[in-house]
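**Student:** Contents of model-v8.txt (compact mmCIF, C-alpha atoms):
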# COMPACT_ATOMS: atom_id res chain seq x y z
CA MET A 30 0.85 8.04 -94.70
CA SER A 31 2.34 6.54 -91.58
CA LYS A 32 0.43 5.46 -88.51
CA LEU A 33 1.96 8.34 -86.54
CA THR A 34 0.76 10.89 -89.10
CA LEU A 35 -2.69 9.32 -89.07
CA ARG A 36 -2.81 9.54 -85.25
CA LYS A 37 -1.87 13.21 -85.34
CA THR A 38 -4.51 13.91 -87.97
CA LEU A 39 -7.21 12.02 -86.09
CA ALA A 40 -6.32 13.83 -82.85
CA ASP A 41 -7.56 17.04 -84.50
CA PHE A 42 -11.01 15.53 -85.23
CA ASP A 43 -13.87 16.01 -82.81
CA ALA A 44 -16.32 13.15 -81.99
CA PRO A 45 -18.93 13.93 -84.68
CA ALA A 46 -16.23 14.22 -87.35
CA LEU A 47 -14.77 10.85 -86.31
CA ARG A 48 -18.21 9.25 -86.44
CA GLN A 49 -18.76 10.64 -89.94
CA LEU A 50 -15.34 9.39 -91.04
CA ILE A 51 -16.17 5.88 -89.81
CA ILE A 52 -19.55 5.95 -91.57
CA ASP A 53 -17.88 7.11 -94.80
CA LEU A 54 -15.30 4.34 -94.50
CA TYR A 55 -18.10 1.83 -93.88
CA ASP A 56 -19.85 2.93 -97.08
CA LYS A 57 -16.76 2.93 -99.29
CA SER A 58 -14.77 -0.14 -98.29
CA LYS A 59 -15.97 -3.73 -98.28
CA GLU A 60 -13.12 -4.78 -95.94
CA ALA A 61 -13.85 -1.93 -93.51
CA LYS A 62 -17.56 -2.85 -93.58
CA GLU A 63 -16.77 -6.44 -92.68
CA ILE A 64 -14.43 -5.42 -89.84
CA LEU A 65 -16.89 -2.87 -88.42
CA ASP A 66 -19.81 -5.32 -88.70
CA PHE A 67 -17.78 -7.94 -86.84
CA PHE A 68 -16.74 -5.33 -84.25
CA ALA A 69 -20.39 -4.39 -83.68
CA ASP A 70 -21.62 -8.01 -83.51
CA PRO A 71 -18.71 -10.45 -82.98
CA ASP A 72 -20.40 -13.76 -83.85
CA ILE A 73 -17.26 -15.88 -84.20
CA THR A 74 -19.17 -19.09 -84.93
CA ALA A 75 -21.08 -17.64 -87.88
CA LYS A 76 -17.98 -15.91 -89.26
CA THR A 77 -15.94 -19.11 -88.92
CA GLU A 78 -18.57 -21.09 -90.83
CA GLN A 79 -18.74 -18.41 -93.52
CA TYR A 80 -14.98 -18.54 -94.03
CA ARG A 81 -14.84 -22.34 -93.77
CA LEU A 82 -17.32 -22.53 -96.65
CA LEU A 83 -15.27 -20.09 -98.75
CA LEU A 84 -12.00 -21.90 -98.03
CA THR A 85 -13.41 -25.38 -98.64
CA ARG A 86 -15.02 -24.30 -101.90
CA GLU A 87 -11.71 -22.88 -103.08
CA ALA A 88 -9.72 -25.92 -101.91
CA LEU A 89 -12.05 -28.27 -103.80
CA ARG A 90 -12.26 -26.08 -106.92
CA THR A 91 -11.93 -28.00 -110.17
CA THR A 92 -11.52 -27.26 -113.84
CA ARG A 93 -12.01 -29.62 -116.76
CA ARG A 94 -8.66 -31.21 -116.07
CA GLY A 95 -9.20 -31.87 -112.38
CA PRO A 96 -8.47 -30.13 -109.07
CA HIS A 97 -7.37 -26.54 -109.42
CA PRO A 98 -7.44 -24.69 -106.08
CA ARG A 99 -6.08 -21.16 -106.13
CA MET A 100 -3.68 -20.98 -103.22
CA GLN A 101 -3.42 -17.20 -103.51
CA ARG A 102 -7.14 -16.92 -102.84
CA ILE A 103 -6.90 -19.34 -99.91
CA ARG A 104 -4.11 -17.29 -98.32
CA ALA A 105 -5.95 -14.01 -99.01
CA THR A 106 -9.09 -15.38 -97.36
CA LEU A 107 -7.07 -16.45 -94.32
CA ARG A 108 -5.52 -12.96 -94.15
CA ARG A 109 -9.02 -11.43 -94.19
CA ILE A 110 -10.20 -13.55 -91.26
CA ARG A 111 -6.96 -12.84 -89.38
CA ALA A 112 -7.73 -9.11 -89.69
CA LEU A 113 -10.83 -9.73 -87.59
CA GLN A 114 -8.66 -11.28 -84.84
CA PRO A 115 -10.97 -14.22 -84.07
CA GLY A 116 -8.30 -16.05 -82.08
CA ASP A 117 -5.62 -18.65 -82.72
CA GLU A 118 -8.02 -21.58 -82.30
CA THR A 119 -10.32 -20.29 -85.04
CA ILE A 120 -7.43 -19.70 -87.44
CA ALA A 121 -6.03 -23.17 -86.67
CA GLU A 122 -9.44 -24.76 -87.26
CA LEU A 123 -9.81 -23.01 -90.62
CA MET A 124 -6.29 -23.92 -91.72
CA VAL A 125 -6.72 -27.59 -90.79
CA SER A 126 -10.12 -27.88 -92.45
CA THR A 127 -8.72 -26.26 -95.60
CA LEU A 128 -5.74 -28.59 -95.55
CA THR A 129 -7.94 -31.68 -95.19
CA ALA A 130 -10.00 -30.48 -98.18
CA LEU A 131 -6.80 -30.02 -100.19
CA ILE A 132 -5.64 -33.50 -99.19
CA SER A 133 -8.92 -35.02 -100.34
CA ASN A 134 -8.09 -33.82 -103.88
CA GLY A 135 -5.32 -36.42 -104.08
CA ASP A 136 -7.46 -39.37 -103.05
CA THR A 137 -8.13 -40.92 -106.43
CA ARG A 138 -5.91 -39.14 -108.95
CA LYS A 139 -2.40 -37.92 -109.47
CA LEU A 140 -2.16 -34.17 -109.05
CA PRO A 141 0.07 -31.76 -110.96
CA ASP A 142 3.52 -31.32 -109.40
CA THR A 143 2.83 -27.63 -108.79
CA LEU A 144 -0.21 -28.56 -106.70
CA TYR A 145 1.85 -31.00 -104.64
CA ALA A 146 4.32 -28.18 -103.98
CA SER A 147 1.51 -25.78 -103.03
CA ILE A 148 -0.08 -28.32 -100.67
CA GLU A 149 3.30 -29.00 -99.09
CA LYS A 150 3.91 -25.28 -98.54
CA PHE A 151 0.44 -24.85 -97.02
CA LEU A 152 1.00 -27.93 -94.84
CA LEU A 153 4.23 -26.41 -93.50
CA GLU A 154 2.49 -23.08 -92.83
CA THR A 155 -0.28 -24.91 -90.99
CA LEU A 156 2.17 -26.97 -88.93
CA ASP A 157 4.13 -23.81 -88.07
CA HIS A 158 0.94 -22.09 -86.89
CA LEU A 159 -0.19 -25.12 -84.89
CA THR A 160 3.23 -25.50 -83.29
CA ALA A 161 3.55 -21.79 -82.46
CA THR A 162 0.10 -21.69 -80.85
CA ARG A 163 0.53 -25.08 -79.13
CA LEU A 164 -2.55 -26.48 -80.86
CA LEU A 165 -0.78 -29.29 -82.71
CA PRO A 166 -1.80 -32.10 -80.33
CA GLU A 167 -5.44 -31.10 -80.78
CA HIS A 168 -5.38 -31.02 -84.60
CA LEU A 169 -2.76 -33.65 -85.51
CA PRO A 170 -5.29 -36.55 -85.32
CA ARG A 171 -7.42 -34.87 -88.01
CA LEU A 172 -4.42 -34.54 -90.28
CA LEU A 173 -3.44 -38.16 -89.70
CA ARG A 174 -7.02 -39.26 -90.39
CA ALA A 175 -7.01 -37.34 -93.67
CA ARG A 176 -3.70 -38.98 -94.54
CA SER A 177 -5.03 -42.46 -93.74
CA GLN A 178 -7.92 -41.99 -96.16
CA LEU A 179 -5.56 -41.59 -99.12
CA ARG A 180 -5.45 -44.77 -101.18
CA PRO A 181 -2.65 -45.84 -103.51
CA LEU A 182 -3.16 -44.75 -107.09
CA ARG A 183 -3.78 -47.52 -109.62
CA SER A 184 -1.03 -46.46 -111.98
CA THR A 185 1.80 -46.25 -109.44
CA ARG A 186 0.63 -48.41 -106.53
CA SER A 187 1.56 -45.52 -104.25
CA ASN A 188 0.22 -42.05 -103.62
CA PRO A 189 2.64 -39.12 -103.94
CA LEU A 190 0.49 -36.98 -101.65
CA ALA A 191 0.50 -39.71 -98.99
CA ASP A 192 4.29 -39.96 -99.27
CA LEU A 193 4.59 -36.18 -98.92
CA LEU A 194 2.34 -36.16 -95.83
CA ASP A 195 4.23 -39.07 -94.28
CA ALA A 196 7.53 -37.25 -94.72
CA ARG A 197 6.26 -33.95 -93.29
CA LEU A 198 4.12 -35.32 -90.45
CA SER A 199 6.51 -38.02 -89.21
CA PRO A 200 8.56 -35.63 -87.00
CA TYR A 201 5.38 -34.71 -85.13
CA ILE A 202 4.20 -38.26 -84.46
CA ASP A 203 5.22 -39.72 -81.12
CA PRO A 204 6.65 -43.21 -81.79
CA ALA A 205 5.62 -44.34 -78.30
CA ALA A 206 1.98 -43.52 -79.06
CA THR A 207 1.80 -45.83 -82.08
Mind converting the file's structure to structure tokens?

**Tutor:**
Amino acid sequence: MSKLTLRKTLADFDAPALRQLIIDLYDKSKEAKEILDFFADPDITAKTEQYRLLLTREALRTTRRGPHPRMQRIRATLRRIRALQPGDETIAELMVSTLTALISNGDTRKLPDTLYASIEKFLLETLDHLTATRLLPEHLPRLLRARSQLRPLRSTRSNPLADLLDARLSPYIDPAAT
């Protein structure tokens, strides 16, 4: 069904029928319930903290073999909070905090190559969002701080994640500021 068809159908409903439809939707759909609850009581701070906890837990998820975040779940969680339209600043804050949690995974151990690729892709998505919303100057220091906390690995005397971050963040660093 297209949005136009839905509009035409809803135009035929009277107020009580629309109310009943919304109540039925509220009862049957978890996503609709969350959106309607947020619409009724838009507590952005509480919702941000709820999602920050979910995203951080997923970013720091481990299995027996080490870090194993599920990037699909991270992106799905970000899509869910975007549906609530909390604002660009809130989305940027959640993306940066998730990225710093992902970066902390590479502090003491070598990560699988697929995880490096996933972190790099998420870093680029975060940088694109920060650049598009003009929030990069506000959040770049946090990313640089997370990068500076990465130590070289014992086995290689370097850190592949640090090298990746250096390569991707260097275009955004003002050489006059350092």

**Student:** Calculated over all atoms listed in the file, which of the candidates A:Leu140, A:Leu82, A:Ile73, A:Leu172 has the smallest distance to A:Asn188?

**Tutor:**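 That would be A:Leu140, the residue with the smallest distance to A:Asn188.
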
**Student:** Have a look at A:Leu113, A:Ser147, A:Gln101, A:Val125 and name the one nearest to A:Ala69; count only C-alpha atoms.

**Tutor:**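 Of all the options, A:Leu113 lies closest to A:Ala69.
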
**Student:** At what distance in Å, to one decimal, does atom CA of A:Thr127 lie from atom CA of A:Leu84?

**Tutor:**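 Separation of atom CA of A:Leu84 and atom CA of A:Thr127: 6.0 Å.
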
**Student:** Of the residues A:Thr143, A:Thr137, A:Thr91, A:Thr162, which is the one nearest to A:Ala191, using only C-alpha atoms?

**Tutor:**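 Result for the nearest residue to A:Ala191: A:Thr137.
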
**Student:** Distance cut-off 10 Å, centre (-9.6, -15.1, -90.3) in file coordinates, counting all atoms listed in the file: which residues qualify? Return them as number ranges by chain.

**Tutor:** A: 73, 76-77, 80-81, 104-117, 119-121, 123-124

**Student:** Looking at A:Ile52, A:Leu131, A:Leu47, A:Leu169, which one is nearest to A:Glu87, with distances taken over only C-alpha atoms?

**Tutor:**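 Nearest candidate to A:Glu87 out of A:Ile52, A:Leu131, A:Leu47, A:Leu169: A:Leu131.
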
**Student:** Measuring between only C-alpha atoms, which one of A:Gly135, A:Glu118, A:Arg93, A:Arg176 shows the shortest distance to A:His158?

**Tutor:**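 Among A:Gly135, A:Glu118, A:Arg93, A:Arg176, it is A:Glu118 that comes nearest to A:His158.
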
**Student:** Work out how far apart atom CA of A:Ala44 and atom CA of A:Lys57 are and give it in Å to one decimal.

**Tutor:**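 So the answer is 20.1 Å.
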